[in-house]
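Next comes structure_19.txt, with compact mmCIF, C-alpha atoms.
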# COMPACT_ATOMS: atom_id res chain seq x y z
CA MET A 317 -5.16 3.20 16.83
CA ILE A 318 -2.00 3.96 14.88
CA VAL A 319 -3.51 2.67 11.67
CA ILE A 320 -6.52 4.94 12.10
CA ALA A 321 -4.26 7.93 12.83
CA ILE A 322 -2.22 7.22 9.69
CA LEU A 323 -5.33 6.93 7.54
CA ILE A 324 -6.89 10.13 8.87
CA GLY A 325 -3.60 12.00 8.46
CA CYS A 326 -3.17 10.82 4.89
CA ILE A 327 -6.71 11.72 3.88
CA ILE A 328 -6.62 15.20 5.44
CA GLY A 329 -3.19 15.88 3.95
CA ALA A 330 -4.30 14.81 0.49
CA VAL A 331 -7.41 16.99 0.67
CA ILE A 332 -5.38 20.03 1.72
CA GLY A 333 -2.80 19.29 -0.96
CA MET A 334 -5.43 19.07 -3.68
CA ASN A 335 -6.67 22.54 -2.84
CA SER A 336 -3.32 24.25 -2.43
CA PRO A 337 -1.41 26.06 -5.20
CA VAL A 338 1.25 24.29 -7.23
CA ILE A 339 4.92 24.94 -6.62
CA PRO A 340 7.34 26.10 -9.34
CA TYR A 341 8.75 23.27 -11.42
CA THR A 342 12.34 24.17 -10.50
CA TYR A 343 11.70 23.29 -6.89
CA SER A 344 9.62 20.18 -7.48
CA ILE A 345 12.67 17.89 -7.25
CA PHE A 346 13.37 19.19 -3.74
CA LEU A 347 9.84 18.43 -2.67
CA ALA A 348 10.08 14.98 -4.22
CA ILE A 349 13.25 14.06 -2.35
CA ALA A 350 11.85 15.50 0.90
CA VAL A 351 8.74 13.37 0.44
CA VAL A 352 10.85 10.23 0.08
CA ALA A 353 12.87 11.14 3.18
CA ALA A 354 9.70 11.74 5.16
CA LEU A 355 8.21 8.47 3.96
CA ASP A 356 11.32 6.69 5.19
CA SER A 357 10.99 8.36 8.59
CA VAL A 358 7.35 7.33 8.91
CA PHE A 359 8.19 3.71 8.10
CA GLY A 360 11.01 3.87 10.62
CA GLY A 361 8.61 5.24 13.20
CA ILE A 362 6.08 2.47 12.65
CA THR A 363 8.83 -0.13 12.93
CA SER A 364 10.05 1.31 16.23
CA VAL A 365 6.50 1.35 17.58
CA LEU A 366 6.25 -2.37 16.82
CA LYS A 367 9.64 -2.98 18.40
CA LYS A 368 8.48 -0.95 21.42
CA ASN A 369 11.50 1.34 21.42
CA PHE A 370 9.72 4.38 19.97
CA ASP A 371 11.20 7.73 20.99
CA LEU A 372 9.21 10.80 20.06
CA THR A 373 12.20 13.15 19.97
CA ILE A 374 14.22 10.85 17.74
CA PHE A 375 11.25 10.37 15.46
CA ILE A 376 10.43 14.06 15.00
CA SER A 377 14.03 15.17 14.65
CA GLY A 378 14.67 12.35 12.17
CA PHE A 379 11.65 13.34 10.14
CA PHE A 380 12.77 16.94 9.68
CA CYS A 381 16.54 16.38 9.63
CA ASN A 382 16.29 13.72 6.94
CA SER A 383 14.11 15.95 4.78
CA ILE A 384 16.30 19.02 5.20
CA LEU A 385 19.53 17.10 4.70
CA SER A 386 18.25 15.46 1.54
CA ILE A 387 17.11 18.83 0.17
CA ALA A 388 20.53 20.30 0.98
CA LEU A 389 22.27 17.38 -0.70
CA THR A 390 20.12 17.77 -3.79
CA TYR A 391 20.95 21.46 -3.92
CA LEU A 392 24.65 20.72 -3.52
CA GLY A 393 24.38 18.12 -6.26
CA GLN A 394 22.82 20.68 -8.60
CA LYS A 395 25.67 23.07 -7.89
CA LEU A 396 28.30 20.37 -8.43
CA ASN A 397 26.49 18.93 -11.45
CA LEU A 398 26.38 15.56 -9.73
CA ASP A 399 23.19 13.67 -8.97
CA ILE A 400 23.78 13.31 -5.24
CA TYR A 401 20.06 12.90 -4.63
CA LEU A 402 20.36 9.44 -6.17
CA ALA A 403 22.52 8.38 -3.20
CA ALA A 404 19.94 9.70 -0.74
CA LEU A 405 17.22 7.97 -2.72
CA VAL A 406 19.01 4.63 -2.60
CA VAL A 407 19.56 4.89 1.16
CA PHE A 408 16.00 5.94 1.92
CA VAL A 409 14.29 3.42 -0.33
CA GLY A 410 16.62 0.66 0.84
CA ARG A 411 15.79 1.40 4.45
CA MET A 412 12.11 1.59 3.60
CA PHE A 413 12.23 -1.98 2.29
CA THR A 414 14.07 -3.16 5.40
CA ASN A 415 11.50 -1.54 7.65
CA LEU A 416 8.66 -2.93 5.59
CA THR A 417 10.15 -6.40 6.02
CA ILE A 418 10.25 -5.94 9.79
CA ILE A 419 6.64 -4.73 9.86
CA ARG A 420 5.53 -7.63 7.68
CA ARG A 421 7.34 -10.20 9.80
CA HIS A 422 5.86 -8.79 12.98
CA TYR A 423 2.29 -9.17 11.78
CA ILE A 424 2.81 -12.55 10.14
CA GLU A 425 4.34 -13.91 13.33
CA LYS A 426 1.46 -12.54 15.35
CA TRP A 427 -1.01 -14.20 13.01
CA THR A 428 0.72 -17.58 12.98
CA ASN A 429 1.04 -17.54 16.79
CA LYS A 430 -2.67 -16.92 17.10
CA ARG A 431 -3.49 -19.77 14.75
CA GLU A 432 -1.19 -22.14 16.58
CA LYS A 433 -2.83 -21.28 19.88
CA GLU A 434 -6.26 -21.96 18.39
CA GLU A 435 -5.08 -25.31 17.09
CA VAL A 436 -3.75 -26.22 20.49
CA LYS A 437 -7.09 -25.34 22.07
CA GLU A 438 -8.98 -27.57 19.68
CA MET B 521 5.07 7.10 26.29
CA ASN B 522 1.36 6.45 25.83
CA LYS B 523 -0.05 5.25 22.61
CA LYS B 524 -2.29 8.24 22.06
CA VAL B 525 0.56 10.72 21.66
CA ILE B 526 2.42 8.38 19.34
CA SER B 527 -0.66 7.98 17.17
CA ILE B 528 -1.24 11.71 16.97
CA VAL B 529 2.38 12.40 16.06
CA ILE B 530 2.52 9.70 13.39
CA GLY B 531 -0.84 10.84 12.04
CA PHE B 532 0.45 14.39 11.81
CA MET B 533 3.59 13.24 10.01
CA CYS B 534 1.43 11.31 7.56
CA LEU B 535 -0.58 14.48 7.03
CA ILE B 536 2.54 16.41 6.06
CA LEU B 537 3.70 13.51 3.94
CA SER B 538 0.51 13.09 1.95
CA TYR B 539 0.25 16.87 1.61
CA GLY B 540 3.71 16.88 0.04
CA ILE B 541 2.86 14.00 -2.25
CA SER B 542 -0.37 15.51 -3.49
CA VAL B 543 1.22 18.93 -4.10
CA GLN B 544 4.00 17.25 -6.04
CA VAL B 545 1.55 15.20 -8.09
CA LYS B 546 -0.48 18.30 -8.81
CA THR B 547 2.60 20.23 -9.89
CA ILE B 548 3.75 17.50 -12.24
CA ASN B 549 0.23 17.09 -13.64
CA SER B 550 -0.12 20.81 -14.25
CA ILE B 551 3.02 20.77 -16.36
CA GLY B 552 1.68 17.80 -18.27
CA THR B 553 4.96 15.98 -18.71
CA LYS B 554 5.39 12.28 -18.79
CA THR B 555 8.51 10.66 -17.46
CA SER B 556 10.20 8.87 -20.28
CA THR B 557 12.54 5.94 -19.86
CA ASN B 558 15.09 7.83 -21.87
CA ALA B 559 17.34 9.79 -19.51
CA THR B 560 18.54 12.25 -22.14
CA GLU B 561 14.99 13.06 -23.11
CA ASN B 562 14.05 13.67 -19.49
CA GLU B 563 17.00 15.94 -19.00
CA LEU B 564 16.20 17.96 -22.09
CA ARG B 565 12.57 18.29 -21.09
CA ASP B 566 13.65 19.39 -17.64
CA GLU B 567 15.88 22.03 -19.13
CA VAL B 568 13.15 23.32 -21.42
CA LEU B 569 10.66 23.56 -18.56
CA ARG B 570 13.14 25.40 -16.41
CA ALA B 571 13.97 27.84 -19.18
CA LYS B 572 10.29 28.42 -19.79
CA GLU B 573 9.66 29.14 -16.14
CA LYS B 574 12.54 31.56 -16.06
CA TYR B 575 11.21 33.28 -19.15
CA ASP B 576 7.75 33.57 -17.65
CA ASN B 577 9.13 35.07 -14.45
CA LEU B 578 11.24 37.58 -16.35
CA TYR B 579 8.34 38.48 -18.59
CA ASN B 580 6.15 39.15 -15.58
CA ALA B 581 8.85 41.34 -14.09
CA LEU B 582 9.14 43.23 -17.38
CA GLU B 583 5.42 43.79 -17.51
CA GLU B 584 5.40 45.10 -13.99
CA ALA B 585 8.27 47.45 -14.75
CA GLU B 586 6.44 48.73 -17.83
CA LYS B 587 3.33 49.39 -15.82
CA LYS B 588 5.40 51.30 -13.30
CA LEU B 589 7.04 53.32 -16.05
CA GLU B 590 3.67 54.19 -17.47
CA GLN B 591 2.50 55.28 -14.04
CA GLU B 592 5.59 57.40 -13.51
CA ARG B 593 5.21 59.00 -16.90
CA THR B 594 1.59 59.85 -16.28
CA ASN B 595 2.49 61.36 -12.91
CA ALA B 596 5.37 63.36 -14.31
CA THR B 597 3.42 64.85 -17.17
CA GLN B 598 0.27 65.63 -15.28
CA ASN B 599 0.57 69.40 -14.94
CA ASN B 600 2.41 70.25 -18.12
CA THR B 601 0.48 70.60 -21.37
CA GLU B 602 3.53 70.24 -23.56
CA LEU B 603 4.58 67.03 -21.91
CA THR B 604 1.02 65.76 -21.93
CA ASP B 605 0.95 66.25 -25.68
CA LEU B 606 4.19 64.29 -26.01
CA GLU B 607 2.81 61.56 -23.76
CA ASN B 608 -0.29 61.31 -25.92
CA SER B 609 1.80 61.05 -29.05
CA ILE B 610 3.79 58.21 -27.45
CA LYS B 611 0.52 56.46 -26.67
CA GLU B 612 -0.71 57.01 -30.20
CA ALA B 613 2.54 55.65 -31.65
CA ASN B 614 2.37 52.59 -29.38
CA LYS B 615 -1.16 51.95 -30.52
CA VAL B 616 -0.21 52.09 -34.17
CA ALA B 617 2.90 49.98 -33.66
CA GLY B 618 0.92 47.34 -31.78
CA LEU B 619 2.70 47.86 -28.49
CA SER B 620 -0.43 48.49 -26.46
CA GLU B 621 -3.61 46.56 -25.87
CA VAL B 622 -6.57 47.91 -27.81
CA THR B 623 -10.30 47.35 -27.66
CA GLY B 624 -13.05 48.20 -30.09
CA PRO B 625 -15.75 46.79 -32.34
CA GLY B 626 -14.75 44.26 -34.94
CA ILE B 627 -15.13 40.67 -36.07
CA THR B 628 -13.86 37.28 -35.10
CA ILE B 629 -13.11 34.78 -37.85
CA THR B 630 -12.49 31.16 -36.98
CA LEU B 631 -10.85 28.78 -39.44
CA ASP B 632 -10.85 25.07 -38.71
CA ASP B 633 -9.81 22.00 -40.63
CA ASN B 634 -12.32 20.06 -42.68
CA ASP B 635 -12.85 16.88 -40.66
CA LYS B 636 -15.49 15.32 -42.89
CA ILE B 637 -13.70 13.96 -45.90
CA THR B 638 -15.97 11.53 -47.68
CA SER B 639 -15.49 9.61 -50.89
CA ASN B 640 -17.96 11.79 -52.79
CA ASN B 641 -15.91 14.84 -51.95
CA ILE B 642 -13.78 16.07 -54.75
CA LEU B 643 -10.99 16.22 -52.25
CA LEU B 644 -8.48 13.50 -52.79
CA ASP B 645 -5.51 15.30 -51.36
CA PRO B 646 -5.90 15.44 -47.55
CA ASN B 647 -3.63 18.48 -47.59
CA SER B 648 -6.40 20.58 -49.04
CA ALA B 649 -8.64 19.83 -46.08
CA LEU B 650 -6.27 21.63 -43.72
CA VAL B 651 -5.93 25.29 -42.95
CA HIS B 652 -2.53 26.41 -44.14
CA ASP B 653 -0.35 29.36 -43.34
CA ILE B 654 -1.21 30.81 -46.73
CA ASP B 655 -4.91 30.82 -45.85
CA VAL B 656 -4.23 32.74 -42.67
CA ILE B 657 -2.01 35.17 -44.57
CA ARG B 658 -4.73 35.74 -47.17
CA VAL B 659 -7.37 36.35 -44.52
CA VAL B 660 -5.13 38.75 -42.62
CA ASN B 661 -4.34 40.54 -45.86
CA GLU B 662 -8.00 40.89 -46.75
CA LEU B 663 -8.76 42.19 -43.28
CA LYS B 664 -6.08 44.84 -43.69
CA ASN B 665 -7.57 45.69 -47.07
CA ALA B 666 -10.97 46.06 -45.45
CA GLY B 667 -9.59 48.64 -43.06
CA ALA B 668 -8.81 46.62 -39.95
CA GLU B 669 -6.85 48.66 -37.44
CA ALA B 670 -5.54 45.88 -35.23
CA ILE B 671 -5.41 42.16 -35.99
CA SER B 672 -4.49 39.16 -33.89
CA VAL B 673 -4.20 35.48 -34.74
CA ASN B 674 -4.76 33.19 -31.74
CA GLY B 675 -3.79 36.01 -29.42
CA GLN B 676 -0.68 37.00 -31.37
CA ARG B 677 -0.77 40.61 -32.50
CA ILE B 678 0.06 41.25 -36.13
CA VAL B 679 2.71 43.97 -36.26
CA THR B 680 5.09 45.18 -38.97
CA THR B 681 7.66 42.50 -38.24
CA THR B 682 5.19 39.62 -37.96
CA ALA B 683 5.85 36.56 -40.07
CA ILE B 684 3.22 33.88 -40.57
CA GLU B 685 4.93 30.67 -41.49
CA CYS B 686 4.21 27.00 -41.94
CA ASP B 687 6.01 24.85 -39.39
CA GLY B 688 5.07 21.22 -39.88
CA ASN B 689 1.57 20.59 -38.62
CA VAL B 690 1.32 23.96 -36.91
CA ILE B 691 1.99 27.49 -38.06
CA THR B 692 4.08 30.11 -36.35
CA VAL B 693 3.03 33.70 -35.84
CA ASN B 694 5.62 36.02 -34.33
CA GLY B 695 7.70 32.88 -33.77
CA VAL B 696 5.03 31.34 -31.53
CA LYS B 697 3.57 28.00 -32.55
CA ILE B 698 -0.20 27.98 -32.91
CA GLY B 699 -2.58 25.27 -34.06
CA THR B 700 -6.12 24.92 -35.30
CA PRO B 701 -8.65 26.37 -34.82
CA PHE B 702 -7.24 29.69 -35.91
CA VAL B 703 -9.10 32.57 -34.31
CA ILE B 704 -8.43 35.76 -36.23
CA GLN B 705 -9.70 38.89 -34.55
CA ALA B 706 -9.74 42.32 -36.09
CA ILE B 707 -10.84 45.74 -34.93
CA GLY B 708 -12.52 47.95 -37.50
CA LEU B 709 -15.97 48.79 -38.78
CA PRO B 710 -17.73 45.43 -38.36
CA GLU B 711 -19.98 45.81 -41.42
CA GLN B 712 -17.02 46.57 -43.60
CA LEU B 713 -14.93 43.72 -42.21
CA ASN B 714 -17.84 41.36 -42.61
CA GLY B 715 -17.68 42.08 -46.34
CA LEU B 716 -14.91 39.51 -46.35
CA ASN B 717 -17.61 36.91 -46.21
CA ARG B 718 -19.03 38.01 -49.56
CA TYR B 719 -19.90 35.53 -52.23
CA GLY B 720 -16.87 34.70 -54.36
CA GLY B 721 -14.48 35.95 -51.71
CA TYR B 722 -11.61 34.00 -50.30
CA LEU B 723 -13.44 32.81 -47.21
CA MET B 724 -16.34 31.52 -49.31
CA ASN B 725 -13.90 29.81 -51.59
CA LEU B 726 -12.29 28.02 -48.66
CA GLN B 727 -15.66 26.99 -47.34
CA GLU B 728 -17.24 25.87 -50.60
CA ASN B 729 -14.33 24.21 -52.33
CA TYR B 730 -12.28 22.80 -49.51
CA GLY B 731 -14.82 22.37 -46.73
CA ILE B 732 -12.82 24.45 -44.30
CA LYS B 733 -15.05 25.39 -41.39
CA VAL B 734 -15.27 29.17 -41.42
CA THR B 735 -17.31 31.14 -38.94
CA THR B 736 -17.48 34.91 -38.77
CA LYS B 737 -18.97 36.82 -35.92
CA LYS B 738 -19.50 40.55 -35.60
CA GLU B 739 -18.65 41.77 -32.14
CA ASP B 740 -19.30 45.00 -30.31
CA GLU B 741 -16.16 44.84 -28.28
CA ILE B 742 -13.06 42.77 -28.69
CA THR B 743 -9.72 43.13 -27.01
CA ILE B 744 -6.56 42.62 -28.98
CA PRO B 745 -3.45 42.02 -26.90
CA LYS B 746 -0.24 43.91 -27.42
CA TYR B 747 2.79 42.54 -29.22
CA THR B 748 4.93 40.77 -26.63
CA GLY B 749 8.21 40.72 -28.51
CA VAL B 750 10.76 43.43 -29.13
CA ILE B 751 10.86 45.42 -32.34
CA LYS B 752 14.43 46.44 -32.98
CA PHE B 753 15.60 48.48 -35.95
CA GLU B 754 19.30 48.17 -36.58
CA TYR B 755 19.77 49.24 -40.16
CA ALA B 756 16.86 51.49 -40.87
CA GLU B 757 17.48 55.09 -39.94
CA SER B 758 14.92 57.81 -40.19
CA LYS B 759 15.86 60.88 -42.15
Would you put the structure from the file into structure tokens?
Amino acid sequence: MIVIAILIGCIIGAVIGMNSPVIPYTYSIFLAIAVVAALDSVFGGITSVLKKNFDLTIFISGFFCNSILSIALTYLGQKLNLDIYLAALVVFVGRMFTNLTIIRRHYIEKWTNKREKEEVKE
Amino acid sequence: MNKKVISIVIGFMCLILSYGISVQVKTINSIGTKTSTNATENELRDEVLRAKEKYDNLYNALEEAEKKLEQERTNATQNNTELTDLENSIKEANKVAGLSEVTGPGITITLDDNDKITSNNILLDPNSALVHDIDVIRVVNELKNAGAEAISVNGQRIVTTTAIECDGNVITVNGVKIGTPFVIQAIGLPEQLNGLNRYGGYLMNLQENYGIKVTTKKEDEITIPKYTGVIKFEYAESK
């Protein structure tokens, strides 16, 4: 169910994106950092669904707050001539890997459990 | 919390996410840059792109302001013959100076490099197979001699301050880099301008001796853009 929803969302989004106008180059870094923040939120959401402690409010607020905060930090970094967005990037990508590990473990454990059960039956 | 709502929300988030990604990819593709591993290079490229965008925005604003000015001037001088005469003389002067777009009959000349250098060609020097700045200058000069009223090279209007220069493997016209093929357009009596193509003329010479691909085409209506720079006279004073 969730996998199908993700796939449909991605495909529709990509189709709309292909047909929409481009943004000015100056702002493209903001969009890039917002995309990474959103990607992190989605991975976090999937992880919490697997852990069965998913909270819709936390998920939605995290999605938008992370994006907005990272854009604000990037803007501040441009004003201070300091690449603050690198810090946000490290945090987001680091968390993405952690979440990916959790997702991977979950499914591998499920798979091995199933196989063990089958072996026991035989 | 049922699973349906969760799926819809996550699907919607993914929609926003992939929308953002594809817009970003499209933006970067449209600029045509490649990310280099060299940080300094990336920074410099970034700066250039930003400056270019700023320039484009300012230029658009300028153009809009000019259009508005024109409109205002036309409105202001509508019911006054004296002012209308002055307005017309401004328009005439702009036309002559190359500060307004003009249309009319004329010819289009295209010069392109000779890409078929074979061993039985007399050409040994690959340099002579290329179109040089001097060739463009000669053609422009001959067009002027043939009575062309307005000339452009790859969309760059030739005005009094125009310099055509060699700049490595491209040439610059009005300080703007242009490359082959060179499309030279001129407004004037087409038959007269087409006389450039006469036997023994410069264009024939280029074609016969150096294999430069020259095409000339008479046209009923061509549009020559206005000069986009600023002509500023600091030392010359009119008496």
Which residues of chain A have any atom within 6 Å of an atom in chain B when counting only C-alpha atoms, and what is the closest pair of atoms for each, with the distance in Å to one decimal? Order the rows by chain and rising number and write it as a tab-separated table.
residue	atom	partner	partner_atom	distance
A:Ile318	CA	B:Ser527	CA	4.8
A:Ala321	CA	B:Gly531	CA	4.6
A:Ile322	CA	B:Gly531	CA	4.5
A:Gly325	CA	B:Leu535	CA	4.2
A:Cys326	CA	B:Leu535	CA	5.0
A:Gly329	CA	B:Leu535	CA	4.3
A:Ala330	CA	B:Tyr539	CA	5.1
A:Gly333	CA	B:Tyr539	CA	4.7
A:Val338	CA	B:Thr547	CA	5.0
For a cut-off of 10 Å around (15.2, 19.0, -5.6), file coordinates, pick out all residues using only C-alpha atoms and list them as an mmCIF file with C-alpha atoms, keeping the file's coordinate frame.
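Once everything was written out, this is point-v3.cif:
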data_model
loop_
_atom_site.group_PDB
_atom_site.id
_atom_site.type_symbol
_atom_site.label_atom_id
_atom_site.label_comp_id
_atom_site.auth_asym_id
_atom_site.auth_seq_id
_atom_site.Cartn_x
_atom_site.Cartn_y
_atom_site.Cartn_z
ATOM 1 C CA TYR A 341 8.750 23.270 -11.420
ATOM 2 C CA THR A 342 12.340 24.170 -10.500
ATOM 3 C CA TYR A 343 11.700 23.290 -6.890
ATOM 4 C CA SER A 344 9.620 20.180 -7.480
ATOM 5 C CA ILE A 345 12.670 17.890 -7.250
ATOM 6 C CA PHE A 346 13.370 19.190 -3.740
ATOM 7 C CA LEU A 347 9.840 18.430 -2.670
ATOM 8 C CA ALA A 348 10.080 14.980 -4.220
ATOM 9 C CA ILE A 349 13.250 14.060 -2.350
ATOM 10 C CA ALA A 350 11.850 15.500 0.900
ATOM 11 C CA SER A 386 18.250 15.460 1.540
ATOM 12 C CA ILE A 387 17.110 18.830 0.170
ATOM 13 C CA ALA A 388 20.530 20.300 0.980
ATOM 14 C CA LEU A 389 22.270 17.380 -0.700
ATOM 15 C CA THR A 390 20.120 17.770 -3.790
ATOM 16 C CA TYR A 391 20.950 21.460 -3.920
ATOM 17 C CA LEU A 392 24.650 20.720 -3.520
ATOM 18 C CA GLY A 393 24.380 18.120 -6.260
ATOM 19 C CA GLN A 394 22.820 20.680 -8.600
ATOM 20 C CA TYR A 401 20.060 12.900 -4.630
#
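Shortest separation to Gly675 in chain B among B:Asp632, B:Pro646, B:Thr748, B:Gly626 occurs at residue B:Thr748, atoms counted being only C-alpha atoms.
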To test the calculation: enclose all listed atoms of range 602-618 of chain B in a box whose edges run along x, y and z, add 4 Å on each side, then state centre and edge lengths in Å to one decimal, as JSON.
{"center_x": 1.7, "center_y": 58.8, "center_z": -28.0, "size_x": 13.7, "size_y": 30.9, "size_z": 20.3}
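Put simply, CA of Leu398 in chain A is 25.5 Å away from CA of Phe413 in chain A.
CA of Ile732 in chain B to CA of Val659 in chain B spans 13.1 Å [interatomic distance, one decimal].
As for CA of Arg718 in chain B and CA of Ala668 in chain B, they are spaced 16.5 Å apart.
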So which one's closest to Val409 in chain A, A:Ile339, A:Ile327, A:Val351, A:Asp356? Using all atoms listed in the file, please.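 Closest to Val409 in chain A, using all atoms listed in the file: A:Asp356.
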I need range 419-438 of chain A written out with N, CA and C atoms, as a CSV table (one decimal), in the first residue's frame; please produce it.
chain,number,residue,atom,x,y,z
A,419,ILE,N,15.2,0.6,7.8
A,419,ILE,CA,14.3,0.0,6.8
A,419,ILE,C,14.8,-1.3,6.3
A,420,ARG,N,16.1,-1.3,6.0
A,420,ARG,CA,16.7,-2.5,5.4
A,420,ARG,C,16.7,-3.7,6.4
A,421,ARG,N,17.0,-3.4,7.6
A,421,ARG,CA,17.0,-4.4,8.7
A,421,ARG,C,15.7,-5.0,8.9
A,422,HIS,N,14.7,-4.1,8.9
A,422,HIS,CA,13.3,-4.5,9.1
A,422,HIS,C,12.9,-5.6,8.1
A,423,TYR,N,13.2,-5.3,6.8
A,423,TYR,CA,12.7,-6.2,5.7
A,423,TYR,C,13.6,-7.5,5.7
A,424,ILE,N,14.9,-7.3,6.0
A,424,ILE,CA,15.7,-8.5,6.0
A,424,ILE,C,15.3,-9.5,7.1
A,425,GLU,N,15.0,-8.9,8.3
A,425,GLU,CA,14.6,-9.7,9.4
A,425,GLU,C,13.3,-10.5,9.1
A,426,LYS,N,12.3,-9.7,8.5
A,426,LYS,CA,11.1,-10.3,8.1
A,426,LYS,C,11.3,-11.5,7.1
A,427,TRP,N,12.2,-11.3,6.2
A,427,TRP,CA,12.5,-12.3,5.2
A,427,TRP,C,13.1,-13.6,5.8
A,428,THR,N,14.1,-13.3,6.7
A,428,THR,CA,14.8,-14.5,7.3
A,428,THR,C,13.8,-15.2,8.3
A,429,ASN,N,12.9,-14.5,9.0
A,429,ASN,CA,12.0,-15.1,9.8
A,429,ASN,C,11.1,-16.1,9.0
A,430,LYS,N,10.6,-15.6,7.9
A,430,LYS,CA,9.7,-16.3,7.0
A,430,LYS,C,10.4,-17.6,6.6
A,431,ARG,N,11.7,-17.5,6.2
A,431,ARG,CA,12.4,-18.6,5.7
A,431,ARG,C,12.6,-19.7,6.8
A,432,GLU,N,12.9,-19.2,8.0
A,432,GLU,CA,13.1,-20.1,9.1
A,432,GLU,C,11.8,-20.8,9.4
A,433,LYS,N,10.7,-20.1,9.4
A,433,LYS,CA,9.4,-20.8,9.6
A,433,LYS,C,9.2,-21.9,8.6
A,434,GLU,N,9.5,-21.6,7.3
A,434,GLU,CA,9.3,-22.6,6.3
A,434,GLU,C,10.2,-23.8,6.5
A,435,GLU,N,11.4,-23.6,7.0
A,435,GLU,CA,12.3,-24.7,7.2
A,435,GLU,C,11.8,-25.5,8.4
A,436,VAL,N,11.2,-24.9,9.4
A,436,VAL,CA,10.7,-25.6,10.5
A,436,VAL,C,9.5,-26.5,10.1
A,437,LYS,N,8.7,-26.0,9.2
A,437,LYS,CA,7.5,-26.7,8.7
A,437,LYS,C,8.0,-28.0,8.0
A,438,GLU,N,9.0,-27.8,7.1
A,438,GLU,CA,9.5,-29.0,6.4
A,438,GLU,C,10.1,-30.0,7.3
